[in-house]
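Visitor: Quick one: the structure is below, questions incoming.
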Amino acid sequence: MIEQILPTHVATFDTFHDRPDAYLFPEERALIRDSVESRRREFTTGRHCARTALTRLGVATPQPLPRGPRGAVTWPAGVTGTITHCRGYRAAAVADVSRTVSLGIDAEPDAPLPEGVLEAVALPEEQVAVKELLGDLPAVHWDKLLFSAKESVYKTWFPMMRRPLEFEDALITFDPADGEFTARLLPHAVRGISGAPEEFTGRWAAAHGLLVTAIAFPARVPAGLGVGTGRDARRAGDEVFA
């Protein structure tokens, strides 16, 4: 499912079930030693998805994928990647950093956010837009999709900048017709940060009772197109979506 909203050069693997053939290296098992069984299963299958995606990318030797700062996965040299898991779905995506600087994916059940959560994670203009979309296109839970898009933004941002990003630091707008979204990083979030992107563009999909979002930040942006991952930047990076 996730491969449908990522560039074709990004290697992916997903599953709707925990895998009996999934395994962990000792240093990975140590990370979830005190976790409940459900958490151990999702973590183990997530690492399986990541190693399978790495194999598809050409990283032939399985290796441990430990945690780095703030829980981010430590990927092999020259690779960027991301993992997501929710009830009934696990997925991973990896790419060569020569083509994609950073990746962010997120999956969520296609269900409403709990009461009060939208107000906690969404900017006022996002709340208005989400309520309008829920009225016009109720087949999609746009509040949960907004939450997922913000998670993908954070997962893309942190490996690049190594700084936290809060829910109120990015303004998300959706294109319901094209299955795209734009995240504009607000001035207070990027002020004084050298090389910080101004914008991410991602894609989203709703299927199988799930909502998925994905961002692939391209490595090459020719002069004249500026910073960010809008449609021009994506074309410049030879991003071809499946």
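Identifiers in the structure tokens: chain A, B, ... in order shown; residue index from 1 per chain; ligand index from 1 in order shown.
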Could you list, as a PyMOL selection string, every residue within 7 Å of stretch 201-217 of chain A, counting only C-alpha atoms and ignoring same-chain residues fewer than 3 positions away?
Guide: chain A and resi 2+5-6+100-110+145+148-149+152+156+179-183+229-230
Visitor: Mind the document's chain letters and residue numbers, and return as a PDB file with all heavy atoms, in the first residue's frame the residues of stretch 124-203 of chain A that DSSP labels alpha helix (DSSP H).
Guide:
ATOM      1  N   PRO A 124      -5.392  26.715  14.105  1.00  0.00           N
ATOM      2  CA  PRO A 124      -6.791  27.143  13.892  1.00  0.00           C
ATOM      3  C   PRO A 124      -7.251  27.021  12.447  1.00  0.00           C
ATOM      4  O   PRO A 124      -8.364  26.544  12.180  1.00  0.00           O
ATOM      5  CB  PRO A 124      -6.776  28.604  14.358  1.00  0.00           C
ATOM      6  CG  PRO A 124      -5.693  28.654  15.390  1.00  0.00           C
ATOM      7  CD  PRO A 124      -4.635  27.707  14.890  1.00  0.00           C
ATOM      8  N   GLU A 125      -6.413  27.419  11.479  1.00  0.00           N
ATOM      9  CA  GLU A 125      -6.820  27.311  10.077  1.00  0.00           C
ATOM     10  C   GLU A 125      -6.913  25.862   9.620  1.00  0.00           C
ATOM     11  O   GLU A 125      -7.725  25.528   8.752  1.00  0.00           O
ATOM     12  CB  GLU A 125      -5.880  28.105   9.169  1.00  0.00           C
ATOM     13  CG  GLU A 125      -4.394  27.836   9.390  1.00  0.00           C
ATOM     14  CD  GLU A 125      -3.740  28.833  10.334  1.00  0.00           C
ATOM     15  OE1 GLU A 125      -4.097  28.830  11.525  1.00  0.00           O
ATOM     16  OE2 GLU A 125      -2.884  29.610   9.865  1.00  0.00           O
ATOM     17  N   GLU A 126      -6.102  24.984  10.216  1.00  0.00           N
ATOM     18  CA  GLU A 126      -6.213  23.559   9.898  1.00  0.00           C
ATOM     19  C   GLU A 126      -7.513  22.990  10.437  1.00  0.00           C
ATOM     20  O   GLU A 126      -8.155  22.155   9.772  1.00  0.00           O
ATOM     21  CB  GLU A 126      -5.031  22.804  10.491  1.00  0.00           C
ATOM     22  CG  GLU A 126      -3.698  23.115   9.827  1.00  0.00           C
ATOM     23  CD  GLU A 126      -2.521  22.485  10.539  1.00  0.00           C
ATOM     24  OE1 GLU A 126      -2.582  22.312  11.787  1.00  0.00           O
ATOM     25  OE2 GLU A 126      -1.535  22.159   9.862  1.00  0.00           O
ATOM     26  N   GLN A 127      -7.905  23.413  11.621  1.00  0.00           N
ATOM     27  CA  GLN A 127      -9.162  22.940  12.190  1.00  0.00           C
ATOM     28  C   GLN A 127     -10.340  23.319  11.300  1.00  0.00           C
ATOM     29  O   GLN A 127     -11.238  22.503  11.056  1.00  0.00           O
ATOM     30  CB  GLN A 127      -9.339  23.509  13.593  1.00  0.00           C
ATOM     31  CG  GLN A 127      -8.308  23.027  14.603  1.00  0.00           C
ATOM     32  CD  GLN A 127      -8.497  23.661  15.965  1.00  0.00           C
ATOM     33  OE1 GLN A 127      -9.627  23.820  16.431  1.00  0.00           O
ATOM     34  NE2 GLN A 127      -7.408  24.035  16.607  1.00  0.00           N
ATOM     35  N   VAL A 128     -10.331  24.550  10.793  1.00  0.00           N
ATOM     36  CA  VAL A 128     -11.409  24.999   9.906  1.00  0.00           C
ATOM     37  C   VAL A 128     -11.426  24.157   8.633  1.00  0.00           C
ATOM     38  O   VAL A 128     -12.482  23.675   8.194  1.00  0.00           O
ATOM     39  CB  VAL A 128     -11.245  26.495   9.569  1.00  0.00           C
ATOM     40  CG1 VAL A 128     -12.224  26.906   8.465  1.00  0.00           C
ATOM     41  CG2 VAL A 128     -11.446  27.351  10.810  1.00  0.00           C
ATOM     42  N   ALA A 129     -10.250  23.963   8.022  1.00  0.00           N
ATOM     43  CA  ALA A 129     -10.171  23.206   6.769  1.00  0.00           C
ATOM     44  C   ALA A 129     -10.617  21.760   6.961  1.00  0.00           C
ATOM     45  O   ALA A 129     -11.334  21.199   6.118  1.00  0.00           O
ATOM     46  CB  ALA A 129      -8.745  23.260   6.229  1.00  0.00           C
ATOM     47  N   VAL A 130     -10.190  21.139   8.065  1.00  0.00           N
ATOM     48  CA  VAL A 130     -10.565  19.751   8.331  1.00  0.00           C
ATOM     49  C   VAL A 130     -12.077  19.626   8.497  1.00  0.00           C
ATOM     50  O   VAL A 130     -12.706  18.698   7.951  1.00  0.00           O
ATOM     51  CB  VAL A 130      -9.821  19.234   9.587  1.00  0.00           C
ATOM     52  CG1 VAL A 130     -10.517  17.995  10.150  1.00  0.00           C
ATOM     53  CG2 VAL A 130      -8.378  18.908   9.245  1.00  0.00           C
ATOM     54  N   LYS A 131     -12.685  20.535   9.210  1.00  0.00           N
ATOM     55  CA  LYS A 131     -14.132  20.465   9.418  1.00  0.00           C
ATOM     56  C   LYS A 131     -14.887  20.659   8.099  1.00  0.00           C
ATOM     57  O   LYS A 131     -15.920  20.014   7.866  1.00  0.00           O
ATOM     58  CB  LYS A 131     -14.554  21.485  10.467  1.00  0.00           C
ATOM     59  CG  LYS A 131     -14.076  21.095  11.862  1.00  0.00           C
ATOM     60  CD  LYS A 131     -14.304  22.179  12.892  1.00  0.00           C
ATOM     61  CE  LYS A 131     -13.739  21.764  14.256  1.00  0.00           C
ATOM     62  NZ  LYS A 131     -13.884  22.823  15.265  1.00  0.00           N
ATOM     63  N   GLU A 132     -14.363  21.510   7.226  1.00  0.00           N
ATOM     64  CA  GLU A 132     -14.986  21.676   5.912  1.00  0.00           C
ATOM     65  C   GLU A 132     -14.853  20.402   5.082  1.00  0.00           C
ATOM     66  O   GLU A 132     -15.806  19.970   4.426  1.00  0.00           O
ATOM     67  CB  GLU A 132     -14.340  22.852   5.185  1.00  0.00           C
ATOM     68  CG  GLU A 132     -14.694  24.216   5.778  1.00  0.00           C
ATOM     69  CD  GLU A 132     -13.992  25.360   5.071  1.00  0.00           C
ATOM     70  OE1 GLU A 132     -13.091  25.082   4.246  1.00  0.00           O
ATOM     71  OE2 GLU A 132     -14.337  26.530   5.353  1.00  0.00           O
ATOM     72  N   LEU A 133     -13.665  19.780   5.115  1.00  0.00           N
ATOM     73  CA  LEU A 133     -13.456  18.542   4.369  1.00  0.00           C
ATOM     74  C   LEU A 133     -14.334  17.412   4.912  1.00  0.00           C
ATOM     75  O   LEU A 133     -14.888  16.616   4.140  1.00  0.00           O
ATOM     76  CB  LEU A 133     -11.989  18.128   4.432  1.00  0.00           C
ATOM     77  CG  LEU A 133     -11.024  18.957   3.569  1.00  0.00           C
ATOM     78  CD1 LEU A 133      -9.583  18.686   3.970  1.00  0.00           C
ATOM     79  CD2 LEU A 133     -11.234  18.650   2.087  1.00  0.00           C
ATOM     80  N   LEU A 134     -14.472  17.344   6.233  1.00  0.00           N
ATOM     81  CA  LEU A 134     -15.338  16.317   6.822  1.00  0.00           C
ATOM     82  C   LEU A 134     -16.783  16.502   6.384  1.00  0.00           C
ATOM     83  O   LEU A 134     -17.520  15.520   6.206  1.00  0.00           O
ATOM     84  CB  LEU A 134     -15.237  16.367   8.344  1.00  0.00           C
ATOM     85  CG  LEU A 134     -13.949  15.824   8.964  1.00  0.00           C
ATOM     86  CD1 LEU A 134     -13.877  16.170  10.446  1.00  0.00           C
ATOM     87  CD2 LEU A 134     -13.844  14.313   8.765  1.00  0.00           C
ATOM     88  N   GLY A 135     -17.186  17.766   6.183  1.00  0.00           N
ATOM     89  CA  GLY A 135     -18.538  18.017   5.715  1.00  0.00           C
ATOM     90  C   GLY A 135     -18.724  17.703   4.245  1.00  0.00           C
ATOM     91  O   GLY A 135     -19.757  17.151   3.844  1.00  0.00           O
ATOM     92  N   ASP A 136     -17.717  18.018   3.422  1.00  0.00           N
ATOM     93  CA  ASP A 136     -17.829  17.838   1.974  1.00  0.00           C
ATOM     94  C   ASP A 136     -17.496  16.416   1.532  1.00  0.00           C
ATOM     95  O   ASP A 136     -18.100  15.906   0.578  1.00  0.00           O
ATOM     96  CB  ASP A 136     -16.889  18.813   1.258  1.00  0.00           C
ATOM     97  CG  ASP A 136     -17.284  20.267   1.463  1.00  0.00           C
ATOM     98  OD1 ASP A 136     -18.465  20.521   1.812  1.00  0.00           O
ATOM     99  OD2 ASP A 136     -16.421  21.140   1.284  1.00  0.00           O
ATOM    100  N   TRP A 142     -10.602  13.142   7.866  1.00  0.00           N
ATOM    101  CA  TRP A 142      -9.563  14.131   7.585  1.00  0.00           C
ATOM    102  C   TRP A 142      -8.812  14.566   8.835  1.00  0.00           C
ATOM    103  O   TRP A 142      -7.654  14.986   8.755  1.00  0.00           O
ATOM    104  CB  TRP A 142     -10.186  15.342   6.884  1.00  0.00           C
ATOM    105  CG  TRP A 142     -10.746  14.987   5.538  1.00  0.00           C
ATOM    106  CD1 TRP A 142     -12.039  14.665   5.250  1.00  0.00           C
ATOM    107  CD2 TRP A 142     -10.024  14.874   4.313  1.00  0.00           C
ATOM    108  NE1 TRP A 142     -12.171  14.366   3.913  1.00  0.00           N
ATOM    109  CE2 TRP A 142     -10.951  14.496   3.312  1.00  0.00           C
ATOM    110  CE3 TRP A 142      -8.691  15.073   3.954  1.00  0.00           C
ATOM    111  CZ2 TRP A 142     -10.590  14.300   1.989  1.00  0.00           C
ATOM    112  CZ3 TRP A 142      -8.316  14.887   2.630  1.00  0.00           C
ATOM    113  CH2 TRP A 142      -9.267  14.506   1.665  1.00  0.00           C
ATOM    114  N   ASP A 143      -9.462  14.485   9.982  1.00  0.00           N
ATOM    115  CA  ASP A 143      -8.762  14.830  11.219  1.00  0.00           C
ATOM    116  C   ASP A 143      -7.624  13.847  11.495  1.00  0.00           C
ATOM    117  O   ASP A 143      -6.503  14.252  11.825  1.00  0.00           O
ATOM    118  CB  ASP A 143      -9.741  14.898  12.394  1.00  0.00           C
ATOM    119  CG  ASP A 143     -10.620  13.654  12.518  1.00  0.00           C
ATOM    120  OD1 ASP A 143     -10.715  12.869  11.546  1.00  0.00           O
ATOM    121  OD2 ASP A 143     -11.233  13.478  13.598  1.00  0.00           O
ATOM    122  N   LYS A 144      -7.890  12.550  11.311  1.00  0.00           N
ATOM    123  CA  LYS A 144      -6.844  11.561  11.500  1.00  0.00           C
ATOM    124  C   LYS A 144      -5.797  11.660  10.392  1.00  0.00           C
ATOM    125  O   LYS A 144      -4.603  11.446  10.646  1.00  0.00           O
ATOM    126  CB  LYS A 144      -7.455  10.147  11.527  1.00  0.00           C
ATOM    127  CG  LYS A 144      -6.453   9.029  11.805  1.00  0.00           C
ATOM    128  CD  LYS A 144      -5.824   9.094  13.170  1.00  0.00           C
ATOM    129  CE  LYS A 144      -6.765   8.638  14.245  1.00  0.00           C
ATOM    130  NZ  LYS A 144      -7.199   7.252  14.194  1.00  0.00           N
ATOM    131  N   LEU A 145      -6.220  12.000   9.175  1.00  0.00           N
ATOM    132  CA  LEU A 145      -5.255  12.172   8.092  1.00  0.00           C
ATOM    133  C   LEU A 145      -4.318  13.344   8.386  1.00  0.00           C
ATOM    134  O   LEU A 145      -3.110  13.281   8.095  1.00  0.00           O
ATOM    135  CB  LEU A 145      -5.986  12.390   6.762  1.00  0.00           C
ATOM    136  CG  LEU A 145      -5.105  12.377   5.512  1.00  0.00           C
ATOM    137  CD1 LEU A 145      -4.475  11.012   5.301  1.00  0.00           C
ATOM    138  CD2 LEU A 145      -5.894  12.776   4.278  1.00  0.00           C
ATOM    139  N   LEU A 146      -4.843  14.407   8.954  1.00  0.00           N
ATOM    140  CA  LEU A 146      -3.996  15.535   9.345  1.00  0.00           C
ATOM    141  C   LEU A 146      -2.957  15.098  10.371  1.00  0.00           C
ATOM    142  O   LEU A 146      -1.770  15.433  10.259  1.00  0.00           O
ATOM    143  CB  LEU A 146      -4.853  16.661   9.918  1.00  0.00           C
ATOM    144  CG  LEU A 146      -4.077  17.870  10.442  1.00  0.00           C
ATOM    145  CD1 LEU A 146      -3.496  18.681   9.293  1.00  0.00           C
ATOM    146  CD2 LEU A 146      -4.955  18.749  11.328  1.00  0.00           C
ATOM    147  N   PHE A 147      -3.388  14.343  11.364  1.00  0.00           N
ATOM    148  CA  PHE A 147      -2.458  13.828  12.369  1.00  0.00           C
ATOM    149  C   PHE A 147      -1.367  12.992  11.707  1.00  0.00           C
ATOM    150  O   PHE A 147      -0.178  13.144  12.006  1.00  0.00           O
ATOM    151  CB  PHE A 147      -3.223  12.993  13.391  1.00  0.00           C
ATOM    152  CG  PHE A 147      -2.354  12.375  14.445  1.00  0.00           C
ATOM    153  CD1 PHE A 147      -2.022  13.081  15.585  1.00  0.00           C
ATOM    154  CD2 PHE A 147      -1.879  11.083  14.299  1.00  0.00           C
ATOM    155  CE1 PHE A 147      -1.215  12.516  16.564  1.00  0.00           C
ATOM    156  CE2 PHE A 147      -1.071  10.506  15.264  1.00  0.00           C
ATOM    157  CZ  PHE A 147      -0.736  11.228  16.412  1.00  0.00           C
ATOM    158  N   SER A 148      -1.748  12.111  10.774  1.00  0.00           N
ATOM    159  CA  SER A 148      -0.771  11.276  10.082  1.00  0.00           C
ATOM    160  C   SER A 148       0.217  12.108   9.272  1.00  0.00           C
ATOM    161  O   SER A 148       1.426  11.849   9.283  1.00  0.00           O
ATOM    162  CB  SER A 148      -1.501  10.288   9.157  1.00  0.00           C
ATOM    163  OG  SER A 148      -0.582   9.484   8.448  1.00  0.00           O
ATOM    164  N   ALA A 149      -0.291  13.123   8.563  1.00  0.00           N
ATOM    165  CA  ALA A 149       0.596  13.978   7.768  1.00  0.00           C
ATOM    166  C   ALA A 149       1.611  14.690   8.664  1.00  0.00           C
ATOM    167  O   ALA A 149       2.794  14.812   8.303  1.00  0.00           O
ATOM    168  CB  ALA A 149      -0.226  14.988   6.977  1.00  0.00           C
ATOM    169  N   LYS A 150       1.180  15.125   9.835  1.00  0.00           N
ATOM    170  CA  LYS A 150       2.111  15.792  10.745  1.00  0.00           C
ATOM    171  C   LYS A 150       3.168  14.817  11.265  1.00  0.00           C
ATOM    172  O   LYS A 150       4.337  15.189  11.456  1.00  0.00           O
ATOM    173  CB  LYS A 150       1.356  16.450  11.896  1.00  0.00           C
ATOM    174  CG  LYS A 150       0.465  17.590  11.429  1.00  0.00           C
ATOM    175  CD  LYS A 150       0.371  18.733  12.412  1.00  0.00           C
ATOM    176  CE  LYS A 150      -0.365  19.921  11.789  1.00  0.00           C
ATOM    177  NZ  LYS A 150      -0.184  21.174  12.536  1.00  0.00           N
ATOM    178  N   GLU A 151       2.782  13.574  11.479  1.00  0.00           N
ATOM    179  CA  GLU A 151       3.756  12.562  11.870  1.00  0.00           C
ATOM    180  C   GLU A 151       4.786  12.346  10.760  1.00  0.00           C
ATOM    181  O   GLU A 151       5.989  12.226  11.027  1.00  0.00           O
ATOM    182  CB  GLU A 151       3.049  11.251  12.191  1.00  0.00           C
ATOM    183  CG  GLU A 151       2.255  11.272  13.484  1.00  0.00           C
ATOM    184  CD  GLU A 151       3.157  11.308  14.714  1.00  0.00           C
ATOM    185  OE1 GLU A 151       3.989  10.401  14.867  1.00  0.00           O
ATOM    186  OE2 GLU A 151       3.045  12.273  15.501  1.00  0.00           O
ATOM    187  N   SER A 152       4.345  12.292   9.506  1.00  0.00           N
ATOM    188  CA  SER A 152       5.276  12.127   8.393  1.00  0.00           C
ATOM    189  C   SER A 152       6.205  13.325   8.255  1.00  0.00           C
ATOM    190  O   SER A 152       7.386  13.176   7.923  1.00  0.00           O
ATOM    191  CB  SER A 152       4.511  11.898   7.075  1.00  0.00           C
ATOM    192  OG  SER A 152       3.971  10.598   7.030  1.00  0.00           O
ATOM    193  N   VAL A 153       5.686  14.517   8.517  1.00  0.00           N
ATOM    194  CA  VAL A 153       6.523  15.714   8.485  1.00  0.00           C
ATOM    195  C   VAL A 153       7.632  15.602   9.521  1.00  0.00           C
ATOM    196  O   VAL A 153       8.813  15.845   9.229  1.00  0.00           O
ATOM    197  CB  VAL A 153       5.678  16.982   8.725  1.00  0.00           C
ATOM    198  CG1 VAL A 153       6.577  18.184   8.990  1.00  0.00           C
ATOM    199  CG2 VAL A 153       4.775  17.254   7.530  1.00  0.00           C
ATOM    200  N   TYR A 154       7.279  15.222  10.743  1.00  0.00           N
ATOM    201  CA  TYR A 154       8.287  15.112  11.793  1.00  0.00           C
ATOM    202  C   TYR A 154       9.339  14.062  11.430  1.00  0.00           C
ATOM    203  O   TYR A 154      10.546  14.284  11.607  1.00  0.00           O
ATOM    204  CB  TYR A 154       7.647  14.749  13.125  1.00  0.00           C
ATOM    205  CG  TYR A 154       8.676  14.636  14.229  1.00  0.00           C
ATOM    206  CD1 TYR A 154       9.093  15.761  14.928  1.00  0.00           C
ATOM    207  CD2 TYR A 154       9.261  13.411  14.537  1.00  0.00           C
ATOM    208  CE1 TYR A 154      10.053  15.673  15.912  1.00  0.00           C
ATOM    209  CE2 TYR A 154      10.226  13.312  15.521  1.00  0.00           C
ATOM    210  CZ  TYR A 154      10.619  14.440  16.204  1.00  0.00           C
ATOM    211  OH  TYR A 154      11.593  14.348  17.170  1.00  0.00           O
ATOM    212  N   LYS A 155       8.890  12.912  10.918  1.00  0.00           N
ATOM    213  CA  LYS A 155       9.831  11.836  10.580  1.00  0.00           C
ATOM    214  C   LYS A 155      10.779  12.254   9.455  1.00  0.00           C
ATOM    215  O   LYS A 155      11.905  11.755   9.377  1.00  0.00           O
ATOM    216  CB  LYS A 155       9.060  10.574  10.178  1.00  0.00           C
ATOM    217  CG  LYS A 155       8.332   9.912  11.329  1.00  0.00           C
ATOM    218  CD  LYS A 155       7.598   8.669  10.840  1.00  0.00           C
ATOM    219  CE  LYS A 155       6.888   7.957  11.970  1.00  0.00           C
ATOM    220  NZ  LYS A 155       6.189   6.726  11.505  1.00  0.00           N
ATOM    221  N   THR A 156      10.329  13.128   8.575  1.00  0.00           N
ATOM    222  CA  THR A 156      11.194  13.632   7.508  1.00  0.00           C
ATOM    223  C   THR A 156      12.138  14.703   8.037  1.00  0.00           C
ATOM    224  O   THR A 156      13.326  14.736   7.696  1.00  0.00           O
ATOM    225  CB  THR A 156      10.340  14.215   6.365  1.00  0.00           C
ATOM    226  OG1 THR A 156       9.361  13.252   5.955  1.00  0.00           O
ATOM    227  CG2 THR A 156      11.208  14.586   5.167  1.00  0.00           C
ATOM    228  N   TRP A 157      11.626  15.575   8.866  1.00  0.00           N
ATOM    229  CA  TRP A 157      12.384  16.709   9.387  1.00  0.00           C
ATOM    230  C   TRP A 157      13.532  16.281  10.299  1.00  0.00           C
ATOM    231  O   TRP A 157      14.663  16.746  10.164  1.00  0.00           O
ATOM    232  CB  TRP A 157      11.436  17.634  10.130  1.00  0.00           C
ATOM    233  CG  TRP A 157      12.076  18.647  11.048  1.00  0.00           C
ATOM    234  CD1 TRP A 157      12.428  18.448  12.361  1.00  0.00           C
ATOM    235  CD2 TRP A 157      12.418  19.999  10.735  1.00  0.00           C
ATOM    236  NE1 TRP A 157      12.964  19.590  12.886  1.00  0.00           N
ATOM    237  CE2 TRP A 157      12.972  20.564  11.918  1.00  0.00           C
ATOM    238  CE3 TRP A 157      12.302  20.799   9.600  1.00  0.00           C
ATOM    239  CZ2 TRP A 157      13.408  21.885  11.981  1.00  0.00           C
ATOM    240  CZ3 TRP A 157      12.738  22.114   9.662  1.00  0.00           C
ATOM    241  CH2 TRP A 157      13.287  22.642  10.831  1.00  0.00           C
ATOM    242  N   PHE A 158      13.260  15.413  11.275  1.00  0.00           N
ATOM    243  CA  PHE A 158      14.236  15.176  12.334  1.00  0.00           C
ATOM    244  C   PHE A 158      15.558  14.586  11.843  1.00  0.00           C
ATOM    245  O   PHE A 158      16.629  15.059  12.247  1.00  0.00           O
ATOM    246  CB  PHE A 158      13.646  14.286  13.434  1.00  0.00           C
ATOM    247  CG  PHE A 158      14.585  14.148  14.604  1.00  0.00           C
ATOM    248  CD1 PHE A 158      14.705  15.169  15.528  1.00  0.00           C
ATOM    249  CD2 PHE A 158      15.376  13.019  14.743  1.00  0.00           C
ATOM    250  CE1 PHE A 158      15.593  15.061  16.596  1.00  0.00           C
ATOM    251  CE2 PHE A 158      16.266  12.904  15.799  1.00  0.00           C
ATOM    252  CZ  PHE A 158      16.382  13.927  16.728  1.00  0.00           C
ATOM    253  N   PRO A 159      15.569  13.585  10.944  1.00  0.00           N
ATOM    254  CA  PRO A 159      16.863  13.081  10.481  1.00  0.00           C
ATOM    255  C   PRO A 159      17.694  14.127   9.746  1.00  0.00           C
ATOM    256  O   PRO A 159      18.921  14.054   9.740  1.00  0.00           O
ATOM    257  CB  PRO A 159      16.473  11.928   9.543  1.00  0.00           C
ATOM    258  CG  PRO A 159      15.123  11.514   9.994  1.00  0.00           C
ATOM    259  CD  PRO A 159      14.453  12.785  10.421  1.00  0.00           C
ATOM    260  N   MET A 160      17.031  15.107   9.126  1.00  0.00           N
ATOM    261  CA  MET A 160      17.740  16.155   8.407  1.00  0.00           C
ATOM    262  C   MET A 160      18.307  17.212   9.346  1.00  0.00           C
ATOM    263  O   MET A 160      19.449  17.643   9.205  1.00  0.00           O
ATOM    264  CB  MET A 160      16.798  16.841   7.407  1.00  0.00           C
ATOM    265  CG  MET A 160      16.254  15.951   6.316  1.00  0.00           C
ATOM    266  SD  MET A 160      14.912  16.762   5.414  1.00  0.00           S
ATOM    267  CE  MET A 160      15.734  18.213   4.783  1.00  0.00           C
ATOM    268  N   MET A 161      17.496  17.639  10.299  1.00  0.00           N
ATOM    269  CA  MET A 161      17.820  18.819  11.090  1.00  0.00           C
ATOM    270  C   MET A 161      18.261  18.504  12.515  1.00  0.00           C
ATOM    271  O   MET A 161      18.848  19.353  13.187  1.00  0.00           O
ATOM    272  CB  MET A 161      16.620  19.770  11.136  1.00  0.00           C
ATOM    273  CG  MET A 161      16.009  20.098   9.777  1.00  0.00           C
ATOM    274  SD  MET A 161      17.212  20.573   8.505  1.00  0.00           S
ATOM    275  CE  MET A 161      17.958  22.023   9.213  1.00  0.00           C
ATOM    276  N   PRO A 187       7.517  30.364   9.980  1.00  0.00           N
ATOM    277  CA  PRO A 187       8.767  31.115  10.200  1.00  0.00           C
ATOM    278  C   PRO A 187       9.403  30.891  11.561  1.00  0.00           C
ATOM    279  O   PRO A 187      10.624  30.777  11.675  1.00  0.00           O
ATOM    280  CB  PRO A 187       8.328  32.565  10.003  1.00  0.00           C
ATOM    281  CG  PRO A 187       7.163  32.486   9.064  1.00  0.00           C
ATOM    282  CD  PRO A 187       6.444  31.225   9.432  1.00  0.00           C
ATOM    283  N   HIS A 188       8.591  30.793  12.620  1.00  0.00           N
ATOM    284  CA  HIS A 188       9.181  30.618  13.952  1.00  0.00           C
ATOM    285  C   HIS A 188       9.886  29.275  14.094  1.00  0.00           C
ATOM    286  O   HIS A 188      10.775  29.119  14.925  1.00  0.00           O
ATOM    287  CB  HIS A 188       8.098  30.765  15.032  1.00  0.00           C
ATOM    288  CG  HIS A 188       7.140  29.617  15.075  1.00  0.00           C
ATOM    289  ND1 HIS A 188       5.912  29.650  14.450  1.00  0.00           N
ATOM    290  CD2 HIS A 188       7.219  28.392  15.655  1.00  0.00           C
ATOM    291  CE1 HIS A 188       5.282  28.515  14.654  1.00  0.00           C
ATOM    292  NE2 HIS A 188       6.038  27.731  15.380  1.00  0.00           N
ATOM    293  N   ALA A 189       9.487  28.286  13.284  1.00  0.00           N
ATOM    294  CA  ALA A 189      10.068  26.947  13.397  1.00  0.00           C
ATOM    295  C   ALA A 189      11.428  26.847  12.724  1.00  0.00           C
ATOM    296  O   ALA A 189      12.263  26.019  13.130  1.00  0.00           O
ATOM    297  CB  ALA A 189       9.120  25.910  12.794  1.00  0.00           C
ATOM    298  N   VAL A 190      11.665  27.639  11.698  1.00  0.00           N
ATOM    299  CA  VAL A 190      12.909  27.516  10.923  1.00  0.00           C
ATOM    300  C   VAL A 190      13.839  28.698  11.128  1.00  0.00           C
ATOM    301  O   VAL A 190      14.966  28.694  10.607  1.00  0.00           O
ATOM    302  CB  VAL A 190      12.600  27.353   9.421  1.00  0.00           C
ATOM    303  CG1 VAL A 190      11.785  26.096   9.180  1.00  0.00           C
ATOM    304  CG2 VAL A 190      11.865  28.573   8.867  1.00  0.00           C
TER     305      VAL A 190
END
Visitor: Return as a ChimeraX atom specification the full set of residues in stretch 87-128 of chain A whose backbone-based DSSP assignment is strand (DSSP E).
Guide: /A:89-96,100-109
Visitor: Name the residues in contact with A:Arg40 at a cut-off of 12 Å, using only C-alpha atoms, excluding same-chain residues fewer than 2 positions from it; report them as a PyMOL selection string.
Guide: chain A and resi 18-19+22-24+28-38+42-47+85
